$ cat final_27.pdb   # PDB, C-alpha atoms and all ligand atoms
ATOM      1  CA  MET M   1      31.421  97.823  57.678
ATOM      2  CA  SER M   2      31.119 101.426  58.646
ATOM      3  CA  LYS M   3      27.698 102.740  59.448
ATOM      4  CA  GLN M   4      26.092 105.566  57.454
ATOM      5  CA  ARG M   5      25.526 108.552  59.675
ATOM      6  CA  ALA M   6      23.622 111.772  58.947
ATOM      7  CA  LYS M   7      25.770 114.634  57.672
ATOM      8  CA  LEU M   8      26.385 117.877  59.550
ATOM      9  CA  VAL M   9      27.806 121.030  57.973
ATOM     10  CA  VAL M  10      28.637 123.945  60.282
ATOM     11  CA  GLY M  11      29.898 127.392  59.304
ATOM     12  CA  ASN M  12      32.447 129.031  61.577
ATOM     13  CA  TRP M  13      32.296 132.714  60.728
ATOM     14  CA  LYS M  14      35.279 133.465  62.997
ATOM     15  CA  MET M  15      35.584 137.263  63.571
ATOM     16  CA  HIS M  16      33.727 138.230  60.433
ATOM     17  CA  GLY M  17      30.363 139.822  59.745
ATOM     18  CA  ARG M  18      28.473 143.054  60.209
ATOM     19  CA  LEU M  19      24.827 143.465  61.124
ATOM     20  CA  ALA M  20      23.770 144.648  57.656
ATOM     21  CA  GLY M  21      25.613 142.030  55.600
ATOM     22  CA  ASN M  22      24.703 139.161  57.920
ATOM     23  CA  THR M  23      21.011 139.511  57.120
ATOM     24  CA  ALA M  24      21.355 138.513  53.482
ATOM     25  CA  LEU M  25      23.746 135.659  54.314
ATOM     26  CA  LEU M  26      21.555 134.197  57.060
ATOM     27  CA  GLN M  27      18.391 134.500  54.990
ATOM     28  CA  ALA M  28      20.020 132.827  51.993
ATOM     29  CA  VAL M  29      21.363 129.968  54.126
ATOM     30  CA  ALA M  30      17.992 129.469  55.821
ATOM     31  CA  GLN M  31      16.235 129.368  52.475
ATOM     32  CA  GLY M  32      18.798 127.112  50.766
ATOM     33  CA  ALA M  33      18.879 124.680  53.673
ATOM     34  CA  GLY M  34      15.158 124.081  53.263
ATOM     35  CA  ALA M  35      15.837 122.234  50.007
ATOM     36  CA  LEU M  36      18.419 119.806  51.460
ATOM     37  CA  PRO M  37      17.738 116.120  52.174
ATOM     38  CA  ASP M  38      16.341 115.520  55.676
ATOM     39  CA  ASP M  39      19.482 113.903  57.009
ATOM     40  CA  VAL M  40      21.713 116.898  56.249
ATOM     41  CA  ARG M  41      21.922 119.178  59.254
ATOM     42  CA  VAL M  42      23.236 122.727  58.922
ATOM     43  CA  GLY M  43      24.566 125.141  61.521
ATOM     44  CA  VAL M  44      26.356 128.490  61.786
ATOM     45  CA  CYS M  45      28.568 129.679  64.632
ATOM     46  CA  VAL M  46      28.510 133.471  64.666
ATOM     47  CA  PRO M  47      30.305 136.119  66.748
ATOM     48  CA  CYS M  48      28.382 136.573  70.036
ATOM     49  CA  PRO M  49      27.023 140.073  69.251
ATOM     50  CA  TYR M  50      25.128 138.546  66.321
ATOM     51  CA  LEU M  51      23.463 135.706  68.245
ATOM     52  CA  ALA M  52      20.192 137.621  68.551
ATOM     53  CA  GLN M  53      20.264 138.315  64.828
ATOM     54  CA  ALA M  54      20.888 134.650  64.059
ATOM     55  CA  GLN M  55      18.000 133.705  66.329
ATOM     56  CA  ALA M  56      15.649 136.210  64.696
ATOM     57  CA  LEU M  57      16.493 135.108  61.164
ATOM     58  CA  LEU M  58      16.999 131.357  61.623
ATOM     59  CA  ASP M  59      14.305 130.465  64.145
ATOM     60  CA  GLY M  60      11.845 128.134  62.458
ATOM     61  CA  SER M  61      14.323 127.230  59.691
ATOM     62  CA  ARG M  62      16.389 124.056  59.320
ATOM     63  CA  VAL M  63      19.542 125.928  60.376
ATOM     64  CA  VAL M  64      20.780 125.851  63.972
ATOM     65  CA  TRP M  65      23.219 128.394  65.407
ATOM     66  CA  GLY M  66      25.823 128.752  68.063
ATOM     67  CA  VAL M  67      28.997 130.353  69.374
ATOM     68  CA  GLN M  68      32.696 129.895  68.641
ATOM     69  CA  ASP M  69      33.931 129.601  72.218
ATOM     70  CA  VAL M  70      32.601 129.736  75.773
ATOM     71  CA  SER M  71      34.009 130.536  79.184
ATOM     72  CA  ALA M  72      35.224 127.720  81.406
ATOM     73  CA  TYR M  73      33.034 129.308  84.115
ATOM     74  CA  THR M  74      29.279 129.570  84.415
ATOM     75  CA  GLU M  75      29.094 133.026  85.981
ATOM     76  CA  GLY M  76      31.265 135.517  87.824
ATOM     77  CA  ALA M  77      33.934 138.193  87.623
ATOM     78  CA  TYR M  78      35.458 137.126  84.293
ATOM     79  CA  THR M  79      35.564 140.305  82.233
ATOM     80  CA  GLY M  80      35.031 139.768  78.542
ATOM     81  CA  GLU M  81      33.929 136.156  78.825
ATOM     82  CA  VAL M  82      30.639 134.665  77.590
ATOM     83  CA  ALA M  83      29.114 131.767  79.531
ATOM     84  CA  ALA M  84      27.431 128.849  77.770
ATOM     85  CA  PRO M  85      24.008 129.521  79.432
ATOM     86  CA  MET M  86      24.088 133.046  77.905
ATOM     87  CA  ALA M  87      24.240 131.506  74.433
ATOM     88  CA  VAL M  88      21.290 129.309  75.399
ATOM     89  CA  ASP M  89      19.301 132.477  76.149
ATOM     90  CA  PHE M  90      19.538 133.251  72.434
ATOM     91  CA  GLY M  91      18.415 129.837  71.244
ATOM     92  CA  ALA M  92      21.920 128.573  70.452
ATOM     93  CA  SER M  93      22.453 124.841  70.240
ATOM     94  CA  LEU M  94      26.136 124.636  69.224
ATOM     95  CA  ALA M  95      29.411 125.808  70.760
ATOM     96  CA  ILE M  96      32.830 125.309  69.205
ATOM     97  CA  VAL M  97      35.543 124.585  71.766
ATOM     98  CA  GLY M  98      39.299 124.165  71.335
ATOM     99  CA  HIS M  99      39.585 125.716  67.889
ATOM    100  CA  SER M 100      43.271 125.805  66.942
ATOM    101  CA  GLU M 101      43.128 129.606  66.783
ATOM    102  CA  ARG M 102      42.128 129.645  70.445
ATOM    103  CA  ARG M 103      44.703 127.022  71.383
ATOM    104  CA  ALA M 104      47.429 128.998  69.565
ATOM    105  CA  TYR M 105      46.535 132.667  70.120
ATOM    106  CA  HIS M 106      44.876 132.368  73.522
ATOM    107  CA  ARG M 107      47.108 129.605  74.860
ATOM    108  CA  GLU M 108      44.197 127.277  75.602
ATOM    109  CA  SER M 109      45.429 123.973  77.004
ATOM    110  CA  ALA M 110      43.886 120.570  76.387
ATOM    111  CA  GLU M 111      42.772 120.642  80.031
ATOM    112  CA  LEU M 112      40.959 123.978  79.580
ATOM    113  CA  VAL M 113      39.275 122.725  76.415
ATOM    114  CA  ALA M 114      38.052 119.697  78.358
ATOM    115  CA  VAL M 115      36.559 121.926  81.093
ATOM    116  CA  LYS M 116      34.866 124.113  78.479
ATOM    117  CA  THR M 117      33.378 120.993  76.887
ATOM    118  CA  GLN M 118      31.854 120.105  80.259
ATOM    119  CA  ARG M 119      30.375 123.595  80.655
ATOM    120  CA  VAL M 120      28.854 123.382  77.176
ATOM    121  CA  LEU M 121      27.281 119.990  77.885
ATOM    122  CA  GLU M 122      25.936 121.178  81.255
ATOM    123  CA  ALA M 123      24.219 124.066  79.458
ATOM    124  CA  GLY M 124      22.532 121.595  77.121
ATOM    125  CA  LEU M 125      24.478 122.691  74.032
ATOM    126  CA  THR M 126      26.366 120.462  71.607
ATOM    127  CA  PRO M 127      30.116 121.052  71.843
ATOM    128  CA  ILE M 128      32.120 120.866  68.615
ATOM    129  CA  VAL M 129      35.518 119.861  69.956
ATOM    130  CA  CYS M 130      38.316 120.766  67.533
ATOM    131  CA  VAL M 131      41.544 118.801  67.309
ATOM    132  CA  GLY M 132      44.401 119.030  64.825
ATOM    133  CA  GLU M 133      48.139 118.947  64.295
ATOM    134  CA  THR M 134      50.537 121.577  62.967
ATOM    135  CA  LEU M 135      52.579 120.977  59.832
ATOM    136  CA  GLU M 136      55.670 120.469  61.949
ATOM    137  CA  GLU M 137      53.906 117.806  64.010
ATOM    138  CA  ARG M 138      52.628 116.052  60.879
ATOM    139  CA  GLU M 139      56.066 116.027  59.294
ATOM    140  CA  ALA M 140      57.510 114.595  62.505
ATOM    141  CA  GLY M 141      54.994 111.728  62.271
ATOM    142  CA  LYS M 142      53.161 112.908  65.395
ATOM    143  CA  THR M 143      49.657 113.497  64.014
ATOM    144  CA  GLU M 144      47.969 110.618  65.852
ATOM    145  CA  GLN M 145      49.828 111.340  69.059
ATOM    146  CA  VAL M 146      48.766 115.009  69.009
ATOM    147  CA  VAL M 147      45.103 114.540  68.113
ATOM    148  CA  GLY M 148      44.906 111.487  70.389
ATOM    149  CA  VAL M 149      46.018 113.507  73.421
ATOM    150  CA  GLN M 150      43.679 116.387  72.507
ATOM    151  CA  LEU M 151      40.677 114.059  72.285
ATOM    152  CA  ASP M 152      41.635 111.864  75.268
ATOM    153  CA  GLU M 153      41.858 114.877  77.558
ATOM    154  CA  VAL M 154      38.213 115.674  76.772
ATOM    155  CA  LEU M 155      36.945 112.080  76.864
ATOM    156  CA  ALA M 156      38.613 111.478  80.243
ATOM    157  CA  LYS M 157      36.266 114.025  81.822
ATOM    158  CA  LEU M 158      33.082 112.633  80.270
ATOM    159  CA  SER M 159      30.856 109.610  80.832
ATOM    160  CA  SER M 160      30.093 107.561  77.724
ATOM    161  CA  GLU M 161      26.602 109.136  77.652
ATOM    162  CA  GLU M 162      28.160 112.617  77.686
ATOM    163  CA  ALA M 163      30.738 111.608  75.077
ATOM    164  CA  ALA M 164      27.924 110.494  72.797
ATOM    165  CA  ARG M 165      26.605 114.089  72.813
ATOM    166  CA  ILE M 166      29.753 115.750  71.497
ATOM    167  CA  VAL M 167      30.811 116.470  67.919
ATOM    168  CA  VAL M 168      34.505 116.261  67.038
ATOM    169  CA  ALA M 169      36.102 118.328  64.268
ATOM    170  CA  TYR M 170      39.461 117.302  62.843
ATOM    171  CA  GLU M 171      41.090 120.484  61.588
ATOM    172  CA  PRO M 172      44.735 120.148  60.576
ATOM    173  CA  VAL M 173      46.270 123.535  61.410
ATOM    174  CA  TRP M 174      48.192 123.579  58.118
ATOM    175  CA  ALA M 175      44.935 123.303  56.157
ATOM    176  CA  ILE M 176      43.059 126.139  57.891
ATOM    177  CA  GLY M 177      42.692 129.238  55.755
ATOM    178  CA  THR M 178      45.552 128.149  53.511
ATOM    179  CA  GLY M 179      43.535 126.875  50.552
ATOM    180  CA  LYS M 180      45.426 123.585  51.007
ATOM    181  CA  SER M 181      42.956 120.991  52.257
ATOM    182  CA  ALA M 182      44.019 117.614  53.544
ATOM    183  CA  THR M 183      43.341 114.990  50.879
ATOM    184  CA  ALA M 184      40.284 112.857  51.471
ATOM    185  CA  GLN M 185      42.604 109.927  52.225
ATOM    186  CA  GLN M 186      44.681 111.895  54.747
ATOM    187  CA  ALA M 187      41.546 113.108  56.497
ATOM    188  CA  GLN M 188      39.900 109.663  56.498
ATOM    189  CA  GLN M 189      42.997 108.124  58.054
ATOM    190  CA  VAL M 190      42.884 110.519  61.012
ATOM    191  CA  HIS M 191      39.100 110.223  61.299
ATOM    192  CA  ALA M 192      39.371 106.430  61.486
ATOM    193  CA  PHE M 193      41.919 106.842  64.274
ATOM    194  CA  LEU M 194      39.607 109.224  66.169
ATOM    195  CA  ARG M 195      36.638 106.914  65.545
ATOM    196  CA  ALA M 196      38.466 104.012  67.171
ATOM    197  CA  ARG M 197      38.974 106.087  70.301
ATOM    198  CA  LEU M 198      35.306 107.078  70.371
ATOM    199  CA  VAL M 199      34.269 103.453  69.896
ATOM    200  CA  ALA M 200      36.485 102.503  72.842
ATOM    201  CA  LYS M 201      34.715 105.195  74.898
ATOM    202  CA  GLY M 202      31.322 103.729  73.994
ATOM    203  CA  ALA M 203      30.393 106.644  71.719
ATOM    204  CA  PRO M 204      30.741 105.166  68.207
ATOM    205  CA  ASP M 205      28.217 107.448  66.502
ATOM    206  CA  VAL M 206      29.754 110.810  67.375
ATOM    207  CA  ALA M 207      29.737 113.049  64.286
ATOM    208  CA  LEU M 208      33.300 113.557  63.045
ATOM    209  CA  LEU M 209      33.640 116.719  60.954
ATOM    210  CA  TYR M 210      36.578 117.668  58.772
ATOM    211  CA  GLY M 211      37.675 121.322  58.635
ATOM    212  CA  GLY M 212      40.417 123.106  56.717
ATOM    213  CA  SER M 213      39.959 124.705  53.284
ATOM    214  CA  VAL M 214      36.720 122.854  52.498
ATOM    215  CA  LYS M 215      35.311 124.300  49.268
ATOM    216  CA  PRO M 216      32.523 123.377  46.866
ATOM    217  CA  GLU M 217      35.162 121.644  44.703
ATOM    218  CA  ASN M 218      36.543 119.264  47.335
ATOM    219  CA  ALA M 219      33.590 118.806  49.697
ATOM    220  CA  GLU M 220      31.937 115.815  48.087
ATOM    221  CA  GLU M 221      35.066 113.691  47.948
ATOM    222  CA  LEU M 222      35.778 114.451  51.601
ATOM    223  CA  PHE M 223      32.184 113.709  52.638
ATOM    224  CA  ARG M 224      32.244 110.374  50.804
ATOM    225  CA  GLN M 225      34.783 108.982  53.253
ATOM    226  CA  PRO M 226      33.263 106.488  55.685
ATOM    227  CA  ASP M 227      34.347 108.337  58.833
ATOM    228  CA  ILE M 228      33.800 111.907  57.626
ATOM    229  CA  ASP M 229      30.332 112.960  58.761
ATOM    230  CA  GLY M 230      30.442 116.523  57.485
ATOM    231  CA  GLY M 231      32.470 119.687  57.709
ATOM    232  CA  LEU M 232      33.399 122.717  59.781
ATOM    233  CA  ILE M 233      33.676 125.489  57.241
ATOM    234  CA  GLY M 234      35.568 128.762  57.699
ATOM    235  CA  GLY M 235      36.087 131.095  54.741
ATOM    236  CA  ALA M 236      33.542 129.420  52.471
ATOM    237  CA  SER M 237      30.786 129.838  55.099
ATOM    238  CA  LEU M 238      30.860 133.605  54.526
ATOM    239  CA  LYS M 239      29.594 133.247  50.957
ATOM    240  CA  ASP M 240      26.064 131.913  50.747
ATOM    241  CA  GLN M 241      26.516 130.158  47.417
ATOM    242  CA  ASP M 242      29.736 128.425  48.438
ATOM    243  CA  PHE M 243      28.356 127.369  51.807
ATOM    244  CA  LEU M 244      25.153 126.036  50.286
ATOM    245  CA  ALA M 245      27.125 124.214  47.586
ATOM    246  CA  ILE M 246      29.079 122.475  50.364
ATOM    247  CA  CYS M 247      25.798 121.596  52.116
ATOM    248  CA  LYS M 248      24.523 120.190  48.812
ATOM    249  CA  ALA M 249      27.667 118.065  48.504
ATOM    250  CA  ALA M 250      26.744 116.584  51.894
ATOM    251  CA  GLY M 251      23.261 115.952  50.501
ATOM    252  CA  ALA M 252      24.727 114.203  47.460
ATOM    253  CA  VAL M 253      26.337 111.561  49.661
ATOM    254  CA  SER M 254      23.640 111.429  52.328
ATOM    255  CA  VAL M 255      21.876 108.284  53.436
ATOM    256  CA  THR M 256      18.541 109.189  51.897
ATOM    257  CA  GLN M 257      20.053 110.082  48.537
TER     258      GLN M 257
HETATM  259  P1  LIG P   1      38.818 127.496  56.461
HETATM  260  O1  LIG P   1      37.627 126.733  55.904
HETATM  261  O2  LIG P   1      38.794 128.950  56.165
HETATM  262  O3  LIG P   1      40.118 126.827  56.086
HETATM  263  O4  LIG P   1      38.718 127.403  58.066
HETATM  264  C1  LIG P   1      38.490 126.178  58.671
HETATM  265  C2  LIG P   1      38.204 126.408  60.106
HETATM  266  O5  LIG P   1      39.066 126.794  60.869
HETATM  267  C3  LIG P   1      36.833 126.184  60.563
HETATM  268  O6  LIG P   1      36.753 126.183  61.946
END
$ encode --input "final_27.pdb" --output "structure tokens" --more "lines below"
Ligand code: 13P
Amino acid sequence: MSKQRAKLVVGNWKMHGRLAGNTALLQAVAQGAGALPDDVRVGVCVPCPYLAQAQALLDGSRVVWGVQDVSAYTEGAYTGEVAAPMAVDFGASLAIVGHSERRAYHRESAELVAVKTQRVLEAGLTPIVCVGETLEEREAGKTEQVVGVQLDEVLAKLSSEEAARIVVAYEPVWAIGTGKSATAQQAQQVHAFLRARLVAKGAPDVALLYGGSVKPENAEELFRQPDIDGGLIGGASLKDQDFLAICKAAGAVSVTQ
């Protein structure tokens, strides 16, 4: 029997947003989140220049905030980088690491993602470690091999206590921004595989999020799956009504419902 875990829905704004427009979006999310069941947690990961704005508008609300990447270093001559402790200065509690866009466009290796996860944990933030296969890898039957290696590289560097503090997001690359989500069954199958690895590491209750074209229309069916503990939402997190509808879908299947 799988255990019921609290749901977590996190928006990944990617490189979107402007100071003026963000205000209305953040205020609407903060207000809407107040009406959700207690065991639905909500977060937004904003571009770094808007961290102070997120802090000002979300502090005291149910919504937590964070960044979309961090440096593998804590401090030093690394032009353009942002260290995890800097995000902490602005009240952040989340940091995405290993998003497929960073792995693909910035050539981030599994090893680098593992080091970044350590930096995030050291800073006291919750890392959201993204894993996922390309369409080519899926069609070659390599999905489990690919996501298994991506997760193992991170877990190998962590104690079981540290592993218990991470969040894992399964984001099939072919489903990101394409409008073509994995089916609930496809996602559940990979989540069950990832869960088994986390159980073996002694971290069975890690939140496993699904990401890739989550919308108000498909969220509830995805969130009903026993090993899907919520979502990492891209495009739909930029529209307050869509994002809140996805959060409500998490509420509809939550433990207290
Ligand atoms: P979309 O929801 O736009 O497909 O993006 C998913 C994602 O990459 C979240 O990190």
$ closest_residue --input "final_27.pdb" --among "M:Val10, M:Val113, M:Val67, M:Ala163" --to "ligand LIG 1 (chain P)" --atoms "all atoms listed in the file"
M:Val10
$ closest_residue --input "final_27.pdb" --among "M:Thr23, M:Thr117, M:Ser109, M:Thr126" --to "Val64 of chain M" --atoms "only C-alpha atoms"
M:Thr126
$ residues_around --input "final_27.pdb" --residues "Ser181 of chain M" --least-positions-apart "6" --cutoff "9 Å" --atoms "only C-alpha atoms" --output "list in words"
Pro172, Trp174, Ala175, Gly211, Gly212, Ser213, Val214, Lys215 and Asn218 of chain M
$ axis_aligned_box --input "final_27.pdb" --around "segment 156-175 of chain M" --padding-each-side "3 Å" --output "JSON"
{"center_x": 37.4, "center_y": 115.6, "center_z": 69.0, "size_x": 27.6, "size_y": 22.0, "size_z": 31.7}
$ residues_near_ligand --input "final_27.pdb" --ligand "ligand LIG 1 (chain P)" --cutoff "8 Å" --atoms "all atoms listed in the file" --output "list of chain:residue names"
M:Gly11, M:Asn12, M:Trp13, M:Lys14, M:His99, M:Ser100, M:Glu101, M:Cys130, M:Glu171, M:Val173, M:Ala175, M:Ile176, M:Gly177, M:Thr178, M:Gly179, M:Ser181, M:Gly211, M:Gly212, M:Ser213, M:Val214, M:Lys215, M:Leu232, M:Ile233, M:Gly234, M:Gly235, M:Ala236, M:Ser237
$ closest_residue --input "final_27.pdb" --among "M:Ala77, M:Val82, M:Leu151, M:Leu25" --to "Pro49 of chain M" --atoms "all atoms listed in the file"
M:Val82
$ residues_around --input "final_27.pdb" --residues "Met15 of chain M" --least-positions-apart "6" --cutoff "10 Å" --atoms "only C-alpha atoms" --output "PyMOL selection string"
chain M and resi 46-48+68
$ closest_residue --input "final_27.pdb" --among "M:Ala250, M:Ala200, M:Val190, M:Met86" --to "Val42 of chain M" --atoms "only C-alpha atoms"
M:Ala250
$ resolve_selection --input "final_27.pdb" --expression "the PyMOL selection byres (((chain M and resi 115) around 12) and not hetatm)" --output "CSV table (one decimal) with C-alpha atoms, in the coordinates of the input"
chain,number,residue,atom,x,y,z
M,70,VAL,CA,32.6,129.7,75.8
M,71,SER,CA,34.0,130.5,79.2
M,72,ALA,CA,35.2,127.7,81.4
M,73,TYR,CA,33.0,129.3,84.1
M,74,THR,CA,29.3,129.6,84.4
M,84,ALA,CA,27.4,128.8,77.8
M,97,VAL,CA,35.5,124.6,71.8
M,98,GLY,CA,39.3,124.2,71.3
M,108,GLU,CA,44.2,127.3,75.6
M,109,SER,CA,45.4,124.0,77.0
M,110,ALA,CA,43.9,120.6,76.4
M,111,GLU,CA,42.8,120.6,80.0
M,112,LEU,CA,41.0,124.0,79.6
M,113,VAL,CA,39.3,122.7,76.4
M,114,ALA,CA,38.1,119.7,78.4
M,116,LYS,CA,34.9,124.1,78.5
M,117,THR,CA,33.4,121.0,76.9
M,118,GLN,CA,31.9,120.1,80.3
M,119,ARG,CA,30.4,123.6,80.7
M,120,VAL,CA,28.9,123.4,77.2
M,121,LEU,CA,27.3,120.0,77.9
M,122,GLU,CA,25.9,121.2,81.3
M,127,PRO,CA,30.1,121.1,71.8
M,129,VAL,CA,35.5,119.9,70.0
M,153,GLU,CA,41.9,114.9,77.6
M,154,VAL,CA,38.2,115.7,76.8
M,155,LEU,CA,36.9,112.1,76.9
M,156,ALA,CA,38.6,111.5,80.2
M,157,LYS,CA,36.3,114.0,81.8
M,158,LEU,CA,33.1,112.6,80.3
$ resolve_selection --input "final_27.pdb" --expression "the PyMOL selection byres (((chain M and resi 224) around 10) and not hetatm)" --output "PyMOL selection string"
chain M and resi 184+188+219-223+225-230+249-250+252-254
$ atom_distance --input "final_27.pdb" --atom1 "atom CA of Cys247 of chain M" --atom2 "atom CA of Ser61 of chain M"
14.9 Å
$ residues_around --input "final_27.pdb" --residues "Phe90 of chain M" --least-positions-apart "6" --cutoff "7 Å" --atoms "all atoms listed in the file" --output "tab-separated table (two decimals) with C-alpha atoms, keeping the file's coordinate frame"
chain	number	residue	atom	x	y	z
M	51	LEU	CA	23.46	135.71	68.24
M	52	ALA	CA	20.19	137.62	68.55
M	55	GLN	CA	18.00	133.71	66.33
$ closest_residue --input "final_27.pdb" --among "M:His191, M:Lys239, M:Arg62, M:Arg197" --to "His16 of chain M" --atoms "all atoms listed in the file"
M:Lys239
$ closest_residue --input "final_27.pdb" --among "M:Leu57, M:Ala203, M:Ala123, M:Val63" --to "Gly34 of chain M" --atoms "all atoms listed in the file"
M:Val63
$ atom_distance --input "final_27.pdb" --atom1 "atom CA of Arg103 of chain M" --atom2 "atom CA of Val131 of chain M"
9.7 Å
$ resolve_selection --input "final_27.pdb" --expression "the PyMOL selection byres (((chain M and resi 133) around 7) and not hetatm)" --output "JSON, numbers by chain"
{"M": [132, 134, 135, 137, 138, 143, 146, 147, 172, 173]}
$ build_atoms --input "final_27.pdb" --residues "segment 82-89 of chain M" --atoms "all heavy atoms" --output "compact mmCIF listing (two decimals), keeping the file's coordinate frame"
# COMPACT_ATOMS: atom_id res chain seq x y z
N VAL M 82 32.04 134.98 77.84
CA VAL M 82 30.64 134.66 77.59
C VAL M 82 30.38 133.24 78.08
O VAL M 82 31.07 132.30 77.67
CB VAL M 82 30.32 134.79 76.08
CG1 VAL M 82 28.91 134.28 75.80
CG2 VAL M 82 30.45 136.25 75.63
N ALA M 83 29.42 133.09 78.97
CA ALA M 83 29.11 131.77 79.53
C ALA M 83 28.15 131.00 78.62
O ALA M 83 27.29 131.61 77.97
CB ALA M 83 28.49 131.93 80.92
N ALA M 84 28.29 129.68 78.63
CA ALA M 84 27.43 128.85 77.77
C ALA M 84 25.93 129.12 77.98
O ALA M 84 25.18 129.22 77.01
CB ALA M 84 27.76 127.38 77.98
N PRO M 85 25.45 129.28 79.25
CA PRO M 85 24.01 129.52 79.43
C PRO M 85 23.54 130.83 78.78
O PRO M 85 22.36 130.98 78.46
CB PRO M 85 23.84 129.57 80.96
CG PRO M 85 25.00 128.79 81.48
CD PRO M 85 26.13 129.07 80.54
N MET M 86 24.47 131.80 78.58
CA MET M 86 24.09 133.05 77.90
C MET M 86 23.75 132.77 76.44
O MET M 86 22.83 133.36 75.87
CB MET M 86 25.23 134.07 77.99
CG MET M 86 25.52 134.50 79.42
SD MET M 86 26.96 135.59 79.46
CE MET M 86 27.01 135.95 81.23
N ALA M 87 24.52 131.88 75.83
CA ALA M 87 24.24 131.51 74.43
C ALA M 87 22.89 130.79 74.35
O ALA M 87 22.13 130.98 73.39
CB ALA M 87 25.36 130.63 73.89
N VAL M 88 22.58 130.01 75.37
CA VAL M 88 21.29 129.31 75.40
C VAL M 88 20.13 130.31 75.42
O VAL M 88 19.09 130.09 74.80
CB VAL M 88 21.21 128.36 76.63
CG1 VAL M 88 19.83 127.72 76.75
CG2 VAL M 88 22.29 127.28 76.53
N ASP M 89 20.34 131.44 76.10
CA ASP M 89 19.30 132.48 76.15
C ASP M 89 18.90 132.96 74.76
O ASP M 89 17.83 133.52 74.57
CB ASP M 89 19.80 133.70 76.94
CG ASP M 89 19.65 133.51 78.44
OD1 ASP M 89 18.94 132.57 78.86
OD2 ASP M 89 20.26 134.31 79.19
